[in-house]
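Engineer: Can you keep this structure in mind? I'll have questions shortly.
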Amino acid sequence: MRATCQRTVQCAEQELTELSRSIHAEPELAFSEHRSAAKIAELMRSHGFDLRLPVAGLDTAFVAEYGSGELVVGVCAEYDALPEVGHACGHNIIAAAGAGAALALAAVADDLGITVRLIGTPAEETGGGKVLMLERGVFDDVALAMMVHPGPEEVCRPGSLAITDLEVRYSGRAAHAASAPDLGVNAADAITVAQVAIGLLRQHLEPRQMVHGIVTAGGAAPNIVPAATAAVYNLRAAESHSLQRLENRIRACFEAGATATGCAVEVVQVSPVYAELDTDEWLSEAYRAAITELGREPLDRSAERDRIIGSTDMGNVTRRLPAIHPMISVDCGAAVNHQAEFAAACASPSADRAVVDAAVAMAWTGVAAATDPDQRVRLLAAAQGRPGASTEEFFASGGVA
């Protein structure tokens, strides 16, 4: 069955690499990935998958399914891009590799007694597509979930940080900045006070707490006292309790800006909270064996403990069901994720190889899990004991639980 999986990916290699390059050439932002979702969906439909698009009340989310076995193997596809730098996180590779893994597992689905489910998850960079799909039932009967993310290094069990995104909005009063400045209430000053407070706070942050942000609205003209300003901040921490403590302190900094200037302040949560990764150890070791057999050299287990990959809504999936989120390397020189140079590397021969290797490695991981009697029992028991609607109830409701 492993040989069949590998042959299936090899036969589909041109389709998969063309899919990756096509998504890369037309980057789309969160919840607007209409072309990207359609490209993946059409490929899966052409290979006999049962397709549902949209699902979970999200226009660019989909489920492509094959087989009828009791063990539901989920493969997650991401395909949103970043502003300005496009696919500088390589989600085109994630999407194509996920499609390849699903095709490979479909070729042996009957022999394995599995249902293969490729889950198209929009808005990873911001918006939390997976969190919304978890809440709305898409993962309820999934026994295990997998995805592979590109990066500069080969890491089988990376860590991530919990994150929350906050937008702060200040409202003041406009006035002529020269003839009547005393009549103004300066919303830009409120942002400045908050930024200074956050800058001073950084000395006292807990280990692995981080905060970074940008001003998104700073005023219209220098001779008008700004009446409205806004900024968006990412808050990250090693785990959820630390993240809540950090949020409390950052909100106090936002309040300081309002108190100092007399502005009104509003704080809005932009995206769902992303949890930190909690990778399934057995599945991670099965993936390590697969990717090593394919000739890649992942970091050893001790070194990868210190590899933090930022934040991902896949963390929420790993905390609901057994799942993995390994990193696969692409030749990117000194570049790292979210740089334009990394975006260029994600449409290269190295990226094409990553698509194929990741697809095969995920398929082999699925085969290992489905054929190991103890793991099959474990995974099925966890899925059956998970509360939530059945797949039939979910899709009968139009994909909105």
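In the structure tokens, chains take the letters A, B, ... in the order shown, each chain's residues start at 1, and ligands count up from 1 in the order shown.
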Run DSSP on the backbone and grab whatever in stretch 225-369 of chain A lands in strand (DSSP E); send it over as an MDAnalysis selection string.

Structural biologist: chainID A and resid 228:237 264:269 323:324 327:329

Engineer: Please save N, CA and C atoms of the selected residues as an mmCIF file, in the first residue's frame.

Structural biologist:
```cif
data_model
loop_
_atom_site.group_PDB
_atom_site.id
_atom_site.type_symbol
_atom_site.label_atom_id
_atom_site.label_comp_id
_atom_site.auth_asym_id
_atom_site.auth_seq_id
_atom_site.Cartn_x
_atom_site.Cartn_y
_atom_site.Cartn_z
ATOM 1 N N ALA A 228 -9.374 60.227 14.910
ATOM 2 C CA ALA A 228 -9.546 58.775 14.961
ATOM 3 C C ALA A 228 -8.262 58.088 14.520
ATOM 4 N N THR A 229 -7.803 57.146 15.308
ATOM 5 C CA THR A 229 -6.618 56.352 14.967
ATOM 6 C C THR A 229 -6.879 54.900 15.342
ATOM 7 N N ALA A 230 -6.049 54.016 14.814
ATOM 8 C CA ALA A 230 -6.208 52.589 15.106
ATOM 9 C C ALA A 230 -4.871 51.890 14.948
ATOM 10 N N ALA A 231 -4.720 50.791 15.636
ATOM 11 C CA ALA A 231 -3.540 49.938 15.517
ATOM 12 C C ALA A 231 -3.969 48.495 15.734
ATOM 13 N N VAL A 232 -3.230 47.580 15.129
ATOM 14 C CA VAL A 232 -3.476 46.151 15.305
ATOM 15 C C VAL A 232 -2.235 45.528 15.917
ATOM 16 N N TYR A 233 -2.433 44.740 16.969
ATOM 17 C CA TYR A 233 -1.332 44.094 17.679
ATOM 18 C C TYR A 233 -1.540 42.584 17.727
ATOM 19 N N ASN A 234 -0.434 41.849 17.530
ATOM 20 C CA ASN A 234 -0.394 40.409 17.795
ATOM 21 C C ASN A 234 0.199 40.197 19.182
ATOM 22 N N LEU A 235 -0.472 39.425 19.995
ATOM 23 C CA LEU A 235 0.027 39.052 21.309
ATOM 24 C C LEU A 235 0.265 37.548 21.298
ATOM 25 N N ARG A 236 1.468 37.137 21.680
ATOM 26 C CA ARG A 236 1.808 35.706 21.652
ATOM 27 C C ARG A 236 2.381 35.287 22.996
ATOM 28 N N ALA A 237 2.171 34.017 23.316
ATOM 29 C CA ALA A 237 2.706 33.460 24.559
ATOM 30 C C ALA A 237 2.829 31.949 24.410
ATOM 31 N N ALA A 264 -11.635 58.409 23.778
ATOM 32 C CA ALA A 264 -12.351 57.165 24.014
ATOM 33 C C ALA A 264 -11.567 56.028 23.369
ATOM 34 N N VAL A 265 -11.645 54.829 23.942
ATOM 35 C CA VAL A 265 -10.896 53.697 23.423
ATOM 36 C C VAL A 265 -11.813 52.497 23.259
ATOM 37 N N GLU A 266 -11.618 51.751 22.193
ATOM 38 C CA GLU A 266 -12.329 50.505 21.947
ATOM 39 C C GLU A 266 -11.308 49.465 21.537
ATOM 40 N N VAL A 267 -11.385 48.262 22.126
ATOM 41 C CA VAL A 267 -10.480 47.162 21.793
ATOM 42 C C VAL A 267 -11.318 46.022 21.235
ATOM 43 N N VAL A 268 -10.959 45.571 20.028
ATOM 44 C CA VAL A 268 -11.719 44.544 19.328
ATOM 45 C C VAL A 268 -10.809 43.350 19.049
ATOM 46 N N GLN A 269 -11.296 42.147 19.336
ATOM 47 C CA GLN A 269 -10.552 40.942 18.973
ATOM 48 C C GLN A 269 -10.762 40.662 17.496
ATOM 49 N N ALA A 323 -3.064 14.985 15.864
ATOM 50 C CA ALA A 323 -2.710 15.710 14.634
ATOM 51 C C ALA A 323 -1.232 16.061 14.641
ATOM 52 N N ILE A 324 -0.715 16.336 13.428
ATOM 53 C CA ILE A 324 0.683 16.753 13.271
ATOM 54 C C ILE A 324 0.763 17.955 12.337
ATOM 55 N N MET A 327 7.315 20.613 9.589
ATOM 56 C CA MET A 327 7.866 21.555 8.616
ATOM 57 C C MET A 327 8.734 20.782 7.626
ATOM 58 N N ILE A 328 8.610 21.141 6.349
ATOM 59 C CA ILE A 328 9.453 20.548 5.315
ATOM 60 C C ILE A 328 10.312 21.655 4.714
ATOM 61 N N SER A 329 11.575 21.354 4.482
ATOM 62 C CA SER A 329 12.504 22.405 4.060
ATOM 63 C C SER A 329 12.429 22.664 2.567
#
```

Engineer: Neighbouring residues of A:Pro158 were defined as those with any atom within 7 Å, considering only C-alpha atoms; residues of the same chain fewer than 3 positions away were excluded. Please report them as an MDAnalysis selection string.

Structural biologist: chainID A and resid 155 304:305 307:309 326

Engineer: With C-alpha atoms retained, export the selected residues as an mmCIF file, in the first residue's frame.

Structural biologist:
```
data_model
loop_
_atom_site.group_PDB
_atom_site.id
_atom_site.type_symbol
_atom_site.label_atom_id
_atom_site.label_comp_id
_atom_site.auth_asym_id
_atom_site.auth_seq_id
_atom_site.Cartn_x
_atom_site.Cartn_y
_atom_site.Cartn_z
ATOM 1 C CA VAL A 155 11.299 19.850 11.728
ATOM 2 C CA GLU A 304 13.531 20.650 17.527
ATOM 3 C CA ARG A 305 12.302 21.433 21.054
ATOM 4 C CA ARG A 307 12.079 25.481 17.113
ATOM 5 C CA ILE A 308 9.129 27.838 17.449
ATOM 6 C CA ILE A 309 7.375 28.461 14.133
ATOM 7 C CA PRO A 326 5.683 19.182 10.638
#
```

Engineer: DSSP on the backbone, then: every residue of stretch 29-104 of chain A marked helix (DSSP H, G or I), written as a VMD selection string.

Structural biologist: chain A and resid 34 to 46 91 to 104

Engineer: Would you save the residues from that selection as a short mmCIF file (atom, residue, chain, number, x, y, z; two decimals), in the first residue's frame, using N, CA, C and O atoms?

Structural biologist:
```cif
data_model
loop_
_atom_site.label_atom_id
_atom_site.label_comp_id
_atom_site.auth_asym_id
_atom_site.auth_seq_id
_atom_site.Cartn_x
_atom_site.Cartn_y
_atom_site.Cartn_z
N HIS A 34 -10.98 32.59 -3.40
CA HIS A 34 -11.95 31.93 -4.26
C HIS A 34 -11.29 31.14 -5.38
O HIS A 34 -11.66 29.99 -5.65
N ARG A 35 -10.30 31.73 -6.05
CA ARG A 35 -9.64 31.03 -7.15
C ARG A 35 -8.84 29.83 -6.62
O ARG A 35 -8.87 28.75 -7.21
N SER A 36 -8.14 30.04 -5.51
CA SER A 36 -7.31 28.97 -4.96
C SER A 36 -8.17 27.79 -4.53
O SER A 36 -7.87 26.63 -4.85
N ALA A 37 -9.25 28.05 -3.81
CA ALA A 37 -10.12 26.96 -3.37
C ALA A 37 -10.72 26.23 -4.56
O ALA A 37 -10.81 24.99 -4.57
N ALA A 38 -11.12 26.98 -5.58
CA ALA A 38 -11.72 26.36 -6.76
C ALA A 38 -10.72 25.47 -7.49
O ALA A 38 -11.09 24.40 -8.00
N LYS A 39 -9.46 25.89 -7.56
CA LYS A 39 -8.44 25.09 -8.24
C LYS A 39 -8.24 23.75 -7.55
O LYS A 39 -8.15 22.69 -8.20
N ILE A 40 -8.15 23.78 -6.22
CA ILE A 40 -7.96 22.53 -5.48
C ILE A 40 -9.20 21.65 -5.61
O ILE A 40 -9.11 20.44 -5.85
N ALA A 41 -10.37 22.28 -5.45
CA ALA A 41 -11.62 21.53 -5.52
C ALA A 41 -11.79 20.85 -6.86
O ALA A 41 -12.21 19.67 -6.94
N GLU A 42 -11.45 21.53 -7.93
CA GLU A 42 -11.61 20.96 -9.27
C GLU A 42 -10.68 19.77 -9.46
O GLU A 42 -11.06 18.75 -10.07
N LEU A 43 -9.46 19.85 -8.96
CA LEU A 43 -8.53 18.73 -9.06
C LEU A 43 -9.09 17.51 -8.34
O LEU A 43 -9.08 16.39 -8.87
N MET A 44 -9.62 17.73 -7.12
CA MET A 44 -10.13 16.60 -6.36
C MET A 44 -11.38 16.02 -7.02
O MET A 44 -11.56 14.79 -7.06
N ARG A 45 -12.23 16.87 -7.53
CA ARG A 45 -13.43 16.38 -8.23
C ARG A 45 -13.04 15.54 -9.45
O ARG A 45 -13.66 14.50 -9.71
N SER A 46 -12.01 15.96 -10.15
CA SER A 46 -11.60 15.22 -11.35
C SER A 46 -11.05 13.84 -11.02
O SER A 46 -10.99 12.97 -11.90
N HIS A 91 1.89 28.64 1.48
CA HIS A 91 0.64 27.89 1.59
C HIS A 91 0.27 27.20 0.28
O HIS A 91 -0.53 26.26 0.29
N ASN A 92 0.83 27.65 -0.82
CA ASN A 92 0.62 26.93 -2.08
C ASN A 92 1.19 25.52 -2.00
O ASN A 92 0.61 24.56 -2.54
N ILE A 93 2.31 25.37 -1.32
CA ILE A 93 2.92 24.05 -1.12
C ILE A 93 2.04 23.20 -0.21
O ILE A 93 1.82 22.01 -0.45
N ILE A 94 1.52 23.82 0.85
CA ILE A 94 0.65 23.09 1.78
C ILE A 94 -0.56 22.53 1.04
O ILE A 94 -0.95 21.38 1.22
N ALA A 95 -1.17 23.37 0.21
CA ALA A 95 -2.37 22.97 -0.51
C ALA A 95 -2.09 21.81 -1.46
O ALA A 95 -2.83 20.80 -1.49
N ALA A 96 -1.04 21.93 -2.26
CA ALA A 96 -0.73 20.90 -3.24
C ALA A 96 -0.28 19.61 -2.57
O ALA A 96 -0.65 18.50 -3.01
N ALA A 97 0.51 19.70 -1.51
CA ALA A 97 0.94 18.50 -0.79
C ALA A 97 -0.26 17.81 -0.14
O ALA A 97 -0.35 16.57 -0.14
N GLY A 98 -1.18 18.59 0.41
CA GLY A 98 -2.37 18.01 1.00
C GLY A 98 -3.21 17.28 -0.04
O GLY A 98 -3.72 16.18 0.21
N ALA A 99 -3.36 17.91 -1.22
CA ALA A 99 -4.10 17.26 -2.29
C ALA A 99 -3.42 15.96 -2.70
O ALA A 99 -4.09 14.93 -2.92
N GLY A 100 -2.09 15.98 -2.79
CA GLY A 100 -1.36 14.77 -3.17
C GLY A 100 -1.51 13.66 -2.15
O GLY A 100 -1.69 12.48 -2.51
N ALA A 101 -1.44 14.00 -0.86
CA ALA A 101 -1.62 12.99 0.19
C ALA A 101 -3.01 12.39 0.13
O ALA A 101 -3.19 11.17 0.30
N ALA A 102 -4.03 13.22 -0.13
CA ALA A 102 -5.39 12.72 -0.21
C ALA A 102 -5.56 11.78 -1.41
O ALA A 102 -6.21 10.73 -1.30
N LEU A 103 -4.97 12.14 -2.55
CA LEU A 103 -5.04 11.26 -3.73
C LEU A 103 -4.37 9.91 -3.43
O LEU A 103 -4.88 8.85 -3.82
N ALA A 104 -3.22 9.96 -2.78
CA ALA A 104 -2.48 8.73 -2.47
C ALA A 104 -3.28 7.83 -1.54
O ALA A 104 -3.37 6.61 -1.75
#
```

Engineer: Go through A:Ala351, A:Ala143, A:Ala162, A:Leu294 and flag the residue nearest A:Val116, using only C-alpha atoms for the distances.

Structural biologist: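 Nearest to A:Val116: A:Ala143.
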
Engineer: When distances are computed from only C-alpha atoms, which of A:Pro226, A:Gly199, A:Gly90, A:Gly218 shows the smallest separation from A:Ser20?

Structural biologist: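 Closest to A:Ser20 of all the choices is A:Gly90.
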
Engineer: In terms of the shortest atom-to-atom distance over only C-alpha atoms, which of A:Thr365, A:Gln209, A:Ser348, A:Asn337 is closest to A:Met146?

Structural biologist: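 Selected residue with least distance to A:Met146: A:Thr365.
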
Engineer: Taking into account only C-alpha atoms, which residue in the set A:Thr4, A:Ser271, A:Asn248, A:Ser311 is nearest to A:Asp165?

Structural biologist: A:Ser271

Engineer: Skipping near chain neighbours, those fewer than 5 positions away, what residues fall within 9 Å of stretch 339-347 of chain A using only C-alpha atoms, listed as a ChimeraX atom specification?

Structural biologist: /A:20-21,24-25,84-93,150-152,330-334,352

Engineer: Store the residues picked out above, limited to N, CA and C atoms, as a PDB file, in the first residue's frame.

Structural biologist:
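Contents of the output file out.pdb:
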```pdb
ATOM      1  N   SER A  20       0.367  23.906  -7.294  1.00  0.00           N
ATOM      2  CA  SER A  20       1.156  24.732  -6.388  1.00  0.00           C
ATOM      3  C   SER A  20       1.584  26.036  -7.050  1.00  0.00           C
ATOM      4  N   ARG A  21       2.093  25.953  -8.257  1.00  0.00           N
ATOM      5  CA  ARG A  21       2.582  27.154  -8.955  1.00  0.00           C
ATOM      6  C   ARG A  21       1.422  28.084  -9.328  1.00  0.00           C
ATOM      7  N   HIS A  24       0.361  29.904  -6.250  1.00  0.00           N
ATOM      8  CA  HIS A  24       1.414  30.866  -5.934  1.00  0.00           C
ATOM      9  C   HIS A  24       1.312  32.108  -6.816  1.00  0.00           C
ATOM     10  N   ALA A  25       0.947  31.918  -8.084  1.00  0.00           N
ATOM     11  CA  ALA A  25       0.909  33.028  -9.039  1.00  0.00           C
ATOM     12  C   ALA A  25      -0.269  33.964  -8.815  1.00  0.00           C
ATOM     13  N   GLU A  84       1.125  42.098   0.408  1.00  0.00           N
ATOM     14  CA  GLU A  84       2.390  42.616  -0.144  1.00  0.00           C
ATOM     15  C   GLU A  84       3.383  41.536  -0.547  1.00  0.00           C
ATOM     16  N   VAL A  85       3.587  40.497   0.288  1.00  0.00           N
ATOM     17  CA  VAL A  85       4.620  39.497  -0.010  1.00  0.00           C
ATOM     18  C   VAL A  85       4.036  38.188  -0.536  1.00  0.00           C
ATOM     19  N   GLY A  86       2.728  38.139  -0.767  1.00  0.00           N
ATOM     20  CA  GLY A  86       2.117  36.979  -1.403  1.00  0.00           C
ATOM     21  C   GLY A  86       2.309  35.692  -0.623  1.00  0.00           C
ATOM     22  N   HIS A  87       2.725  34.630  -1.325  1.00  0.00           N
ATOM     23  CA  HIS A  87       2.860  33.318  -0.685  1.00  0.00           C
ATOM     24  C   HIS A  87       4.235  33.168  -0.035  1.00  0.00           C
ATOM     25  N   ALA A  88       4.540  34.099   0.851  1.00  0.00           N
ATOM     26  CA  ALA A  88       5.801  34.070   1.579  1.00  0.00           C
ATOM     27  C   ALA A  88       5.760  33.133   2.776  1.00  0.00           C
ATOM     28  N   CYS A  89       4.649  32.429   2.949  1.00  0.00           N
ATOM     29  CA  CYS A  89       4.595  31.362   3.949  1.00  0.00           C
ATOM     30  C   CYS A  89       4.383  30.015   3.275  1.00  0.00           C
ATOM     31  N   GLY A  90       4.311  30.003   1.952  1.00  0.00           N
ATOM     32  CA  GLY A  90       4.291  28.746   1.218  1.00  0.00           C
ATOM     33  C   GLY A  90       3.008  27.949   1.312  1.00  0.00           C
ATOM     34  N   HIS A  91       1.892  28.636   1.485  1.00  0.00           N
ATOM     35  CA  HIS A  91       0.641  27.887   1.586  1.00  0.00           C
ATOM     36  C   HIS A  91       0.267  27.199   0.278  1.00  0.00           C
ATOM     37  N   ASN A  92       0.826  27.653  -0.816  1.00  0.00           N
ATOM     38  CA  ASN A  92       0.617  26.934  -2.077  1.00  0.00           C
ATOM     39  C   ASN A  92       1.188  25.522  -2.003  1.00  0.00           C
ATOM     40  N   ILE A  93       2.309  25.366  -1.318  1.00  0.00           N
ATOM     41  CA  ILE A  93       2.917  24.047  -1.121  1.00  0.00           C
ATOM     42  C   ILE A  93       2.044  23.201  -0.208  1.00  0.00           C
ATOM     43  N   PRO A 150       5.941  24.427   4.729  1.00  0.00           N
ATOM     44  CA  PRO A 150       7.329  24.676   4.309  1.00  0.00           C
ATOM     45  C   PRO A 150       8.049  25.655   5.221  1.00  0.00           C
ATOM     46  N   GLY A 151       9.365  25.519   5.264  1.00  0.00           N
ATOM     47  CA  GLY A 151      10.197  26.421   6.050  1.00  0.00           C
ATOM     48  C   GLY A 151      11.656  26.222   5.693  1.00  0.00           C
ATOM     49  N   PRO A 152      12.552  26.928   6.366  1.00  0.00           N
ATOM     50  CA  PRO A 152      13.977  26.787   6.064  1.00  0.00           C
ATOM     51  C   PRO A 152      14.587  25.476   6.555  1.00  0.00           C
ATOM     52  N   VAL A 330      12.617  23.924   2.199  1.00  0.00           N
ATOM     53  CA  VAL A 330      12.816  24.329   0.811  1.00  0.00           C
ATOM     54  C   VAL A 330      14.131  25.092   0.741  1.00  0.00           C
ATOM     55  N   ASP A 331      14.771  25.059  -0.413  1.00  0.00           N
ATOM     56  CA  ASP A 331      16.035  25.774  -0.590  1.00  0.00           C
ATOM     57  C   ASP A 331      15.725  27.267  -0.704  1.00  0.00           C
ATOM     58  N   CYS A 332      16.006  28.011   0.362  1.00  0.00           N
ATOM     59  CA  CYS A 332      15.649  29.436   0.396  1.00  0.00           C
ATOM     60  C   CYS A 332      16.813  30.323   0.811  1.00  0.00           C
ATOM     61  N   GLY A 333      18.035  29.768   0.813  1.00  0.00           N
ATOM     62  CA  GLY A 333      19.187  30.574   1.198  1.00  0.00           C
ATOM     63  C   GLY A 333      19.063  31.042   2.634  1.00  0.00           C
ATOM     64  N   ALA A 334      19.274  32.340   2.843  1.00  0.00           N
ATOM     65  CA  ALA A 334      19.177  32.905   4.191  1.00  0.00           C
ATOM     66  C   ALA A 334      17.779  33.414   4.513  1.00  0.00           C
ATOM     67  N   ASP A 352       8.772  22.286  -5.554  1.00  0.00           N
ATOM     68  CA  ASP A 352       8.086  21.176  -6.217  1.00  0.00           C
ATOM     69  C   ASP A 352       8.441  19.836  -5.555  1.00  0.00           C
TER      70      ASP A 352
END
```

Engineer: If we count only C-alpha atoms and set the cut-off at 12 Å, which residues sit around A:Leu246, ignoring sequence neighbours fewer than 5 positions away in its own chain? Please answer as number ranges by chain.

Structural biologist: A: 162-164, 166, 198, 201-202, 204-211, 233-241, 251-253

Engineer: How about saving the chosen residues, C-alpha atoms kept, as a compact mmCIF listing (two decimals), in the first residue's frame?

Structural biologist:
```txt
# COMPACT_ATOMS: atom_id res chain seq x y z
CA ALA A 162 -0.65 30.85 21.33
CA ILE A 163 -1.79 34.14 19.77
CA THR A 164 -4.58 36.67 19.92
CA LEU A 166 -6.34 42.88 18.99
CA ILE A 198 4.07 48.66 25.51
CA LEU A 201 6.53 46.69 29.28
CA ARG A 202 8.66 44.51 27.01
CA HIS A 204 9.12 42.67 32.00
CA LEU A 205 7.43 40.15 29.71
CA GLU A 206 7.42 36.51 30.69
CA PRO A 207 9.58 34.07 28.69
CA ARG A 208 8.12 33.50 25.21
CA GLN A 209 5.64 36.33 25.54
CA MET A 210 5.77 38.62 22.49
CA VAL A 211 3.88 41.67 21.29
CA TYR A 233 -1.33 44.09 17.68
CA ASN A 234 -0.39 40.41 17.80
CA LEU A 235 0.03 39.05 21.31
CA ARG A 236 1.81 35.71 21.65
CA ALA A 237 2.71 33.46 24.56
CA ALA A 238 3.84 29.91 25.24
CA GLU A 239 0.40 28.83 26.41
CA SER A 240 -3.10 30.16 26.97
CA HIS A 241 -2.79 31.20 30.62
CA ARG A 251 -5.14 46.27 27.50
CA ALA A 252 -3.89 48.38 30.41
CA CYS A 253 -1.41 50.05 28.04
```

Engineer: For atom CA of A:Ser302 and atom CA of A:Ala275, determine how far apart the two atoms are, in Å to one decimal place.

Structural biologist: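 So the answer is 22.6 Å.
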
Engineer: Using atom CA of A:Arg2 and atom CA of A:Gly385 as the two end points, give the distance in Å to one decimal.

Structural biologist: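 Straight-line distance from atom CA of A:Arg2 to atom CA of A:Gly385 works out to 29.5 Å.
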
Engineer: Which one of A:Cys11, A:Val225, A:Ala77, A:Ala3 sits closest to A:Ala178 if you count only C-alpha atoms?

Structural biologist: A:Val225

Engineer: Can you work out which one of A:Leu19, A:Ala354, A:Val168, A:Ala286 has the shortest atom-to-atom distance to A:Gly366, counting only C-alpha atoms?

Structural biologist: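 Smallest distance to A:Gly366 is found for A:Ala286.
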
Engineer: Residues of stretch 13-42 of chain A within 10 Å of stretch 124-131 of chain A: nearest atom pair and distance (Å, one decimal) for each, counting only C-alpha atoms, sorted by chain and number, as a tab-separated table?

Structural biologist:
```
residue	atom	partner	partner_atom	distance
A:Leu29	CA	A:Glu125	CA	8.5
A:Ala30	CA	A:Thr126	CA	6.5
A:Phe31	CA	A:Gly127	CA	7.8
```

Engineer: Take the residues from that selection and write them out as a short mmCIF file (atom, residue, chain, number, x, y, z; two decimals), in the first residue's frame, keeping N, CA and C atoms.

Structural biologist:
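Saved file part.cif follows:
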```cif
data_model
loop_
_atom_site.label_atom_id
_atom_site.label_comp_id
_atom_site.auth_asym_id
_atom_site.auth_seq_id
_atom_site.Cartn_x
_atom_site.Cartn_y
_atom_site.Cartn_z
N LEU A 29 -5.98 36.81 -0.18
CA LEU A 29 -5.96 37.02 1.26
C LEU A 29 -7.09 36.25 1.95
N ALA A 30 -7.05 36.28 3.27
CA ALA A 30 -7.96 35.51 4.11
C ALA A 30 -9.42 35.70 3.73
N PHE A 31 -10.12 34.58 3.62
CA PHE A 31 -11.55 34.51 3.31
C PHE A 31 -11.88 35.02 1.91
#
```

Engineer: Can you work out the spacing between atom CA of A:Asp140 and atom CA of A:Gly120 in Å, to one decimal?

Structural biologist: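 Here the two named atoms are 15.3 Å from each other.
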
Engineer: Can I get the residues of stretch 64-102 of chain A within 12 Å of stretch 378-383 of chain A, each with the closest pair of atoms and their distance in Å to one decimal, using only C-alpha atoms, sorted chain first then ascending number, as CSV?

Structural biologist:
```
residue,atom,partner,partner_atom,distance
A:Gly69,CA,A:Leu380,CA,11.2
A:Glu70,CA,A:Leu380,CA,7.9
A:Leu71,CA,A:Leu380,CA,6.3
A:Val72,CA,A:Leu380,CA,8.5
A:Val73,CA,A:Leu379,CA,9.9
A:Gly74,CA,A:Ala383,CA,11.8
```
